[in-house]
Every structure is written in C-alpha cells, then in structure tokens.
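**Q** Here you go, this is run00.txt (compact mmCIF, C-alpha atoms).
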```
# COMPACT_ATOMS: atom_id res chain seq x y z
CA MET A 1 -35.45 -40.49 -52.35
CA LEU A 2 -35.10 -40.28 -48.55
CA ASN A 3 -37.05 -42.62 -46.34
CA LYS A 4 -39.05 -40.36 -43.97
CA SER A 5 -38.65 -42.82 -41.11
CA MET A 6 -34.89 -42.33 -41.39
CA ASP A 7 -35.03 -38.52 -41.26
CA PHE A 8 -33.62 -36.91 -38.17
CA ASP A 9 -33.98 -33.22 -37.39
CA ARG A 10 -31.41 -32.43 -34.74
CA MET A 11 -32.98 -29.03 -34.05
CA ASN A 12 -36.15 -30.82 -32.93
CA SER A 13 -34.33 -33.55 -31.00
CA ALA A 14 -34.47 -33.15 -27.22
CA GLY A 15 -31.32 -35.22 -26.80
CA TYR A 16 -29.34 -33.19 -29.30
CA LEU A 17 -30.53 -29.86 -27.89
CA VAL A 18 -29.87 -30.86 -24.27
CA ASN A 19 -26.38 -32.04 -25.18
CA ASN A 20 -25.69 -28.81 -27.06
CA LEU A 21 -27.03 -26.72 -24.18
CA ALA A 22 -24.94 -28.66 -21.64
CA ARG A 23 -21.83 -28.12 -23.75
CA LEU A 24 -22.51 -24.37 -23.90
CA PHE A 25 -23.16 -24.19 -20.14
CA TRP A 26 -19.92 -26.13 -19.57
CA ALA A 27 -17.94 -23.68 -21.70
CA GLY A 28 -19.50 -20.64 -20.00
CA LEU A 29 -18.84 -22.04 -16.54
CA ARG A 30 -15.29 -23.08 -17.47
CA HIS A 31 -14.50 -19.53 -18.57
CA ARG A 32 -15.69 -18.18 -15.22
CA ILE A 33 -14.18 -20.76 -12.83
CA GLU A 34 -10.80 -21.50 -14.37
CA PRO A 35 -9.34 -18.36 -12.73
CA LEU A 36 -10.35 -19.96 -9.40
CA GLY A 37 -8.21 -23.02 -10.20
CA ILE A 38 -11.08 -25.40 -10.87
CA VAL A 39 -12.76 -26.92 -13.91
CA PRO A 40 -16.41 -27.85 -14.52
CA GLY A 41 -15.77 -31.55 -13.94
CA GLN A 42 -14.80 -30.73 -10.35
CA PHE A 43 -17.65 -28.32 -9.79
CA ALA A 44 -20.38 -30.90 -9.05
CA ALA A 45 -18.23 -32.60 -6.40
CA LEU A 46 -17.38 -29.24 -4.86
CA LEU A 47 -21.05 -28.24 -4.76
CA GLU A 48 -21.95 -31.45 -2.93
CA LEU A 49 -19.03 -31.19 -0.51
CA TRP A 50 -19.75 -27.53 0.23
CA ILE A 51 -23.20 -28.68 1.34
CA ASN A 52 -22.02 -31.79 3.21
CA ASP A 53 -18.27 -32.07 3.70
CA GLY A 54 -16.82 -35.38 4.81
CA GLN A 55 -18.51 -37.90 2.51
CA THR A 56 -17.20 -41.14 1.10
CA GLN A 57 -16.58 -41.66 -2.61
CA LYS A 58 -19.48 -44.12 -2.71
CA GLU A 59 -21.83 -41.49 -1.28
CA LEU A 60 -20.65 -38.93 -3.82
CA VAL A 61 -21.11 -41.34 -6.74
CA LYS A 62 -24.72 -41.87 -5.73
CA LYS A 63 -25.50 -38.18 -5.15
CA LEU A 64 -23.75 -36.93 -8.28
CA ASP A 65 -25.14 -39.70 -10.50
CA ILE A 66 -21.79 -40.30 -12.22
CA GLU A 67 -19.62 -43.33 -12.82
CA GLN A 68 -17.26 -44.49 -10.08
CA ALA A 69 -14.22 -44.33 -12.38
CA THR A 70 -15.07 -40.78 -13.49
CA LEU A 71 -15.36 -39.60 -9.90
CA ALA A 72 -12.15 -41.39 -8.93
CA ASN A 73 -10.25 -39.49 -11.63
CA THR A 74 -11.89 -36.21 -10.64
CA LEU A 75 -11.04 -36.71 -6.97
CA ALA A 76 -7.44 -37.60 -7.81
CA ARG A 77 -7.10 -34.33 -9.70
CA MET A 78 -8.81 -32.41 -6.88
CA GLU A 79 -6.42 -33.94 -4.35
CA ARG A 80 -3.44 -33.11 -6.59
CA ASP A 81 -4.71 -29.53 -6.90
CA GLY A 82 -5.05 -29.17 -3.13
CA LEU A 83 -8.86 -28.97 -3.07
CA ILE A 84 -9.55 -32.12 -1.03
CA THR A 85 -7.94 -34.54 1.35
CA ARG A 86 -8.84 -38.22 1.75
CA LYS A 87 -8.63 -39.77 5.20
CA GLU A 88 -9.33 -43.27 6.47
CA HIS A 89 -12.93 -43.98 7.37
CA PRO A 90 -13.25 -44.59 11.13
CA THR A 91 -15.30 -47.80 10.76
CA ASP A 92 -14.83 -49.01 7.16
CA GLY A 93 -11.26 -49.89 6.22
CA ARG A 94 -12.12 -49.85 2.51
CA ALA A 95 -13.68 -46.36 2.50
CA ARG A 96 -12.04 -42.96 2.68
CA ILE A 97 -13.58 -39.74 3.91
CA ILE A 98 -13.29 -36.83 1.47
CA ARG A 99 -12.88 -33.41 3.03
CA LEU A 100 -12.45 -30.02 1.48
CA THR A 101 -9.28 -28.04 2.14
CA GLU A 102 -9.14 -24.40 3.13
CA LYS A 103 -8.29 -23.67 -0.51
CA ALA A 104 -11.63 -25.17 -1.63
CA TRP A 105 -13.58 -23.33 1.06
CA ALA A 106 -11.89 -20.05 0.11
CA ILE A 107 -13.22 -20.16 -3.47
CA ARG A 108 -16.79 -21.17 -2.61
CA GLU A 109 -18.43 -17.75 -2.85
CA ASP A 110 -16.65 -16.86 -6.10
CA ALA A 111 -17.59 -20.25 -7.56
CA TYR A 112 -21.25 -19.69 -6.62
CA LYS A 113 -21.10 -16.26 -8.25
CA ALA A 114 -19.62 -17.79 -11.40
CA ALA A 115 -22.38 -20.42 -11.58
CA ASN A 116 -25.07 -17.80 -10.99
CA ALA A 117 -23.57 -15.59 -13.70
CA THR A 118 -23.54 -18.51 -16.14
CA ASN A 119 -27.17 -19.31 -15.37
CA GLU A 120 -28.17 -15.66 -15.61
CA LYS A 121 -26.50 -15.30 -19.01
CA ALA A 122 -28.10 -18.48 -20.33
CA LEU A 123 -31.59 -17.63 -19.12
CA SER A 124 -31.50 -13.87 -19.72
CA THR A 125 -33.94 -13.99 -22.64
CA LEU A 126 -36.56 -15.85 -20.59
CA SER A 127 -39.18 -14.22 -18.39
CA GLY A 128 -39.37 -15.20 -14.74
CA GLU A 129 -42.29 -17.51 -15.49
CA GLU A 130 -40.45 -19.09 -18.43
CA ARG A 131 -37.39 -19.69 -16.23
CA GLU A 132 -39.52 -21.48 -13.64
CA GLN A 133 -41.17 -23.58 -16.35
CA PHE A 134 -37.83 -24.40 -17.98
CA ILE A 135 -36.29 -25.55 -14.69
CA SER A 136 -39.42 -27.49 -13.75
CA ILE A 137 -39.56 -29.26 -17.12
CA MET A 138 -35.85 -30.14 -16.95
CA ARG A 139 -36.32 -31.65 -13.47
CA LYS A 140 -39.29 -33.66 -14.73
CA VAL A 141 -37.33 -35.04 -17.69
CA ILE A 142 -34.31 -35.83 -15.51
CA ASP A 143 -36.53 -37.74 -13.07
CA GLU A 144 -38.05 -39.70 -15.95
CA MET A 145 -34.66 -40.54 -17.43
CA ARG A 146 -33.47 -41.76 -14.01
CA GLY A 147 -36.56 -43.94 -13.73
CA ASN A 148 -37.94 -42.07 -10.71
CA ASP A 149 -41.67 -41.69 -10.13
```
Now, as a test, write the supplied structure out as structure tokens.
**A**
Amino acid sequence: MLNKSMDFDRMNSAGYLVNNLARLFWAGLRHRIEPLGIVPGQFAALLELWINDGQTQKELVKKLDIEQATLANTLARMERDGLITRKEHPTDGRARIIRLTEKAWAIREDAYKAANATNEKALSTLSGEEREQFISIMRKVIDEMRGND
C-alpha cells in the first residue's frame, strides 16, 4: 500500500509544469533562432545587450540571474561566433566591456520576431485576459522565488 504522504502528482506540481513549459519554449525558440546563428542560451544575453550594449560580465550575471560560469561559457561561444567583442574596462583592470558586433545587431529584429512567434504559439489558446493573468502570475512567482518583496 502506498503512503499518501509519499505520493507525487507531477501534473499538479508547479515545479514540474514550469520546467516542462520552459523546455517546450526552449525547443520552440531554438527552432526559430538557429537559422539566425544563435541558440536559446545566448538569447537572454543578446536581449539584455540589445537594450544596453557595453556592460560588464558582472552586470550581466546580475541582470540575467544566472551563474557566473554559465555566462562565461555563453560569452565565450558568442565571441567565437562573432556576436560580441570584449574590450578592457577603462577604469577596472579586472573587468571587460562586452559589446555587440554588427552581426548581432543585424539579427535583432528577426530574433524579436522569432521570440514573439514562440510566445504567440504558446499562448494562442488563451484569451487576452488569460494571457495577462498568466504573465502576471509568473512574475509574482518569480519574485517570490528570488526572495523579492
């Protein structure tokens, strides 16, 4: 006989569902942006740099809420792929300024279209009000998980 306290219903688990949803979003976005020469792991950094080019790695780590080592690997790949350059910081010898290349700027609009298409596909069965509620609830849960008030 199963102990009820040990039962776990993944289809009623927020963590399981969010992880599954993120994986599906990742796959949908990957399909749309790979022809642009980028992968989803690079997309968050590109989004932040398209808004504010010329940041340090430390600034990006904080804004993207990812591990330093993960971002370092992502930036190395982006530099290898010709999407960014890293220059010496003018006042901090330990820091480097990350700037987008013309190649990265050239794909911005198509990348935005790909992200919008992925979101549209994912949310197509929701009404406008449901979409707003869904996004609002996700933001609320994210803030709670980060420990923000």
**Q** So how far away is atom CA of A:Leu21 from atom CA of A:Ile38, in Å?
**A**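 So the answer is 20.8 Å.
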**Q** One decimal, in Å: what's the spacing between atom CA of A:Pro35 and atom CA of A:Ala111?
**A**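 Atom-to-atom, atom CA of A:Pro35 to atom CA of A:Ala111, that is 9.9 Å.
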**Q** A:Glu129, A:Glu67, A:Thr56, A:Thr118: which is nearest A:Gly93, counting only C-alpha atoms?
**A**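 Of all the options, A:Thr56 lies closest to A:Gly93.
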**Q** Work out how far atom CA of A:Val61 is from atom CA of A:Val18, in Å to one decimal.
**A**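 Going from atom CA of A:Val18 over to atom CA of A:Val61 covers 22.2 Å.
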**Q** For A:Leu100, which residue among A:Leu126, A:Ile51, A:Leu71, A:Leu64 is the nearest when counting all atoms listed in the file?
**A**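 That would be A:Ile51, the residue with the smallest distance to A:Leu100.
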**Q** Using all atoms listed in the file, which of the listed residues (A:Lys113, A:Ile142, A:Gly37, A:Ala45) sits closest to A:Thr70?
**A**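 Of all the options, A:Ala45 lies closest to A:Thr70.
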**Q** May I have the protein, DNA and RNA residues with an atom at most 9 Å from (-33.7, -22.2, -13.0), counting all atoms listed in the file in the file's coordinates, returned as a PDB file with C-alpha atoms, in the coordinates of the input?
**A**
```pdb
ATOM      1  CA  ASN A 119     -27.170 -19.310 -15.370  1.00  0.00           C
ATOM      2  CA  GLU A 120     -28.170 -15.660 -15.610  1.00  0.00           C
ATOM      3  CA  LEU A 123     -31.590 -17.630 -19.120  1.00  0.00           C
ATOM      4  CA  ARG A 131     -37.390 -19.690 -16.230  1.00  0.00           C
ATOM      5  CA  GLU A 132     -39.520 -21.480 -13.640  1.00  0.00           C
ATOM      6  CA  GLN A 133     -41.170 -23.580 -16.350  1.00  0.00           C
ATOM      7  CA  PHE A 134     -37.830 -24.400 -17.980  1.00  0.00           C
ATOM      8  CA  ILE A 135     -36.290 -25.550 -14.690  1.00  0.00           C
ATOM      9  CA  SER A 136     -39.420 -27.490 -13.750  1.00  0.00           C
TER      10      SER A 136
END
```
**Q** Which residue out of A:Gly128, A:Phe25, A:Ile137, A:Gly54 has the minimum interatomic distance to A:Pro90 when all atoms listed in the file are used?
**A**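 Result for the nearest residue to A:Pro90: A:Gly54.
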**Q** Choose the residue, out of A:Glu130, A:Glu79, A:Asp143, A:Glu109, that has the smallest atom-to-atom separation from A:Ile33; count all atoms listed in the file.
**A** A:Glu109
**Q** A:Gly28: which residues within 12 Å, counting all atoms listed in the file, same-chain residues fewer than 3 positions away excluded, as an MDAnalysis selection string?
**A** chainID A and resid 21:25 31:34 39:40 114:122
**Q** Would you write out those residues with C-alpha atoms, as a PDB file, in the coordinates of the input?
**A**
```pdb
ATOM      1  CA  LEU A  21     -27.030 -26.720 -24.180  1.00  0.00           C
ATOM      2  CA  ALA A  22     -24.940 -28.660 -21.640  1.00  0.00           C
ATOM      3  CA  ARG A  23     -21.830 -28.120 -23.750  1.00  0.00           C
ATOM      4  CA  LEU A  24     -22.510 -24.370 -23.900  1.00  0.00           C
ATOM      5  CA  PHE A  25     -23.160 -24.190 -20.140  1.00  0.00           C
ATOM      6  CA  HIS A  31     -14.500 -19.530 -18.570  1.00  0.00           C
ATOM      7  CA  ARG A  32     -15.690 -18.180 -15.220  1.00  0.00           C
ATOM      8  CA  ILE A  33     -14.180 -20.760 -12.830  1.00  0.00           C
ATOM      9  CA  GLU A  34     -10.800 -21.500 -14.370  1.00  0.00           C
ATOM     10  CA  VAL A  39     -12.760 -26.920 -13.910  1.00  0.00           C
ATOM     11  CA  PRO A  40     -16.410 -27.850 -14.520  1.00  0.00           C
ATOM     12  CA  ALA A 114     -19.620 -17.790 -11.400  1.00  0.00           C
ATOM     13  CA  ALA A 115     -22.380 -20.420 -11.580  1.00  0.00           C
ATOM     14  CA  ASN A 116     -25.070 -17.800 -10.990  1.00  0.00           C
ATOM     15  CA  ALA A 117     -23.570 -15.590 -13.700  1.00  0.00           C
ATOM     16  CA  THR A 118     -23.540 -18.510 -16.140  1.00  0.00           C
ATOM     17  CA  ASN A 119     -27.170 -19.310 -15.370  1.00  0.00           C
ATOM     18  CA  GLU A 120     -28.170 -15.660 -15.610  1.00  0.00           C
ATOM     19  CA  LYS A 121     -26.500 -15.300 -19.010  1.00  0.00           C
ATOM     20  CA  ALA A 122     -28.100 -18.480 -20.330  1.00  0.00           C
TER      21      ALA A 122
END
```
**Q** N, CA and C atoms are needed for stretch 79-101 of chain A; please write them out as a CSV table (one decimal), in the frame of the given file.
**A**
```csv
chain,number,residue,atom,x,y,z
A,79,GLU,N,-7.4,-33.7,-5.4
A,79,GLU,CA,-6.4,-33.9,-4.4
A,79,GLU,C,-5.1,-33.4,-4.8
A,80,ARG,N,-4.7,-33.7,-6.0
A,80,ARG,CA,-3.4,-33.1,-6.6
A,80,ARG,C,-3.4,-31.6,-6.6
A,81,ASP,N,-4.6,-31.0,-6.8
A,81,ASP,CA,-4.7,-29.5,-6.9
A,81,ASP,C,-4.9,-28.9,-5.5
A,82,GLY,N,-4.9,-29.7,-4.5
A,82,GLY,CA,-5.0,-29.2,-3.1
A,82,GLY,C,-6.5,-28.7,-2.7
A,83,LEU,N,-7.5,-29.3,-3.4
A,83,LEU,CA,-8.9,-29.0,-3.1
A,83,LEU,C,-9.5,-29.9,-2.0
A,84,ILE,N,-9.0,-31.1,-2.0
A,84,ILE,CA,-9.6,-32.1,-1.0
A,84,ILE,C,-8.4,-32.9,-0.4
A,85,THR,N,-8.8,-33.5,0.7
A,85,THR,CA,-7.9,-34.5,1.4
A,85,THR,C,-8.8,-35.8,1.5
A,86,ARG,N,-8.1,-37.0,1.5
A,86,ARG,CA,-8.8,-38.2,1.8
A,86,ARG,C,-8.2,-38.9,3.0
A,87,LYS,N,-9.1,-39.2,3.9
A,87,LYS,CA,-8.6,-39.8,5.2
A,87,LYS,C,-9.3,-41.1,5.4
A,88,GLU,N,-8.7,-42.0,6.2
A,88,GLU,CA,-9.3,-43.3,6.5
A,88,GLU,C,-10.7,-43.1,7.1
A,89,HIS,N,-11.6,-44.0,6.8
A,89,HIS,CA,-12.9,-44.0,7.4
A,89,HIS,C,-12.8,-44.6,8.8
A,90,PRO,N,-13.4,-44.1,9.8
A,90,PRO,CA,-13.2,-44.6,11.1
A,90,PRO,C,-13.8,-46.0,11.4
A,91,THR,N,-14.7,-46.5,10.5
A,91,THR,CA,-15.3,-47.8,10.8
A,91,THR,C,-15.2,-48.7,9.5
A,92,ASP,N,-14.9,-48.2,8.4
A,92,ASP,CA,-14.8,-49.0,7.2
A,92,ASP,C,-13.4,-48.9,6.6
A,93,GLY,N,-12.6,-49.9,6.7
A,93,GLY,CA,-11.3,-49.9,6.2
A,93,GLY,C,-11.1,-49.7,4.7
A,94,ARG,N,-12.2,-50.0,4.0
A,94,ARG,CA,-12.1,-49.8,2.5
A,94,ARG,C,-12.5,-48.4,2.0
A,95,ALA,N,-13.2,-47.7,2.9
A,95,ALA,CA,-13.7,-46.4,2.5
A,95,ALA,C,-12.7,-45.3,3.0
A,96,ARG,N,-12.8,-44.2,2.3
A,96,ARG,CA,-12.0,-43.0,2.7
A,96,ARG,C,-13.0,-41.8,2.8
A,97,ILE,N,-12.8,-40.9,3.7
A,97,ILE,CA,-13.6,-39.7,3.9
A,97,ILE,C,-12.9,-38.6,3.1
A,98,ILE,N,-13.8,-37.9,2.3
A,98,ILE,CA,-13.3,-36.8,1.5
A,98,ILE,C,-13.7,-35.5,2.1
A,99,ARG,N,-12.7,-34.7,2.4
A,99,ARG,CA,-12.9,-33.4,3.0
A,99,ARG,C,-12.3,-32.3,2.2
A,100,LEU,N,-13.0,-31.2,2.2
A,100,LEU,CA,-12.4,-30.0,1.5
A,100,LEU,C,-11.3,-29.4,2.3
A,101,THR,N,-10.4,-28.8,1.5
A,101,THR,CA,-9.3,-28.0,2.1
A,101,THR,C,-9.7,-26.6,2.3
```
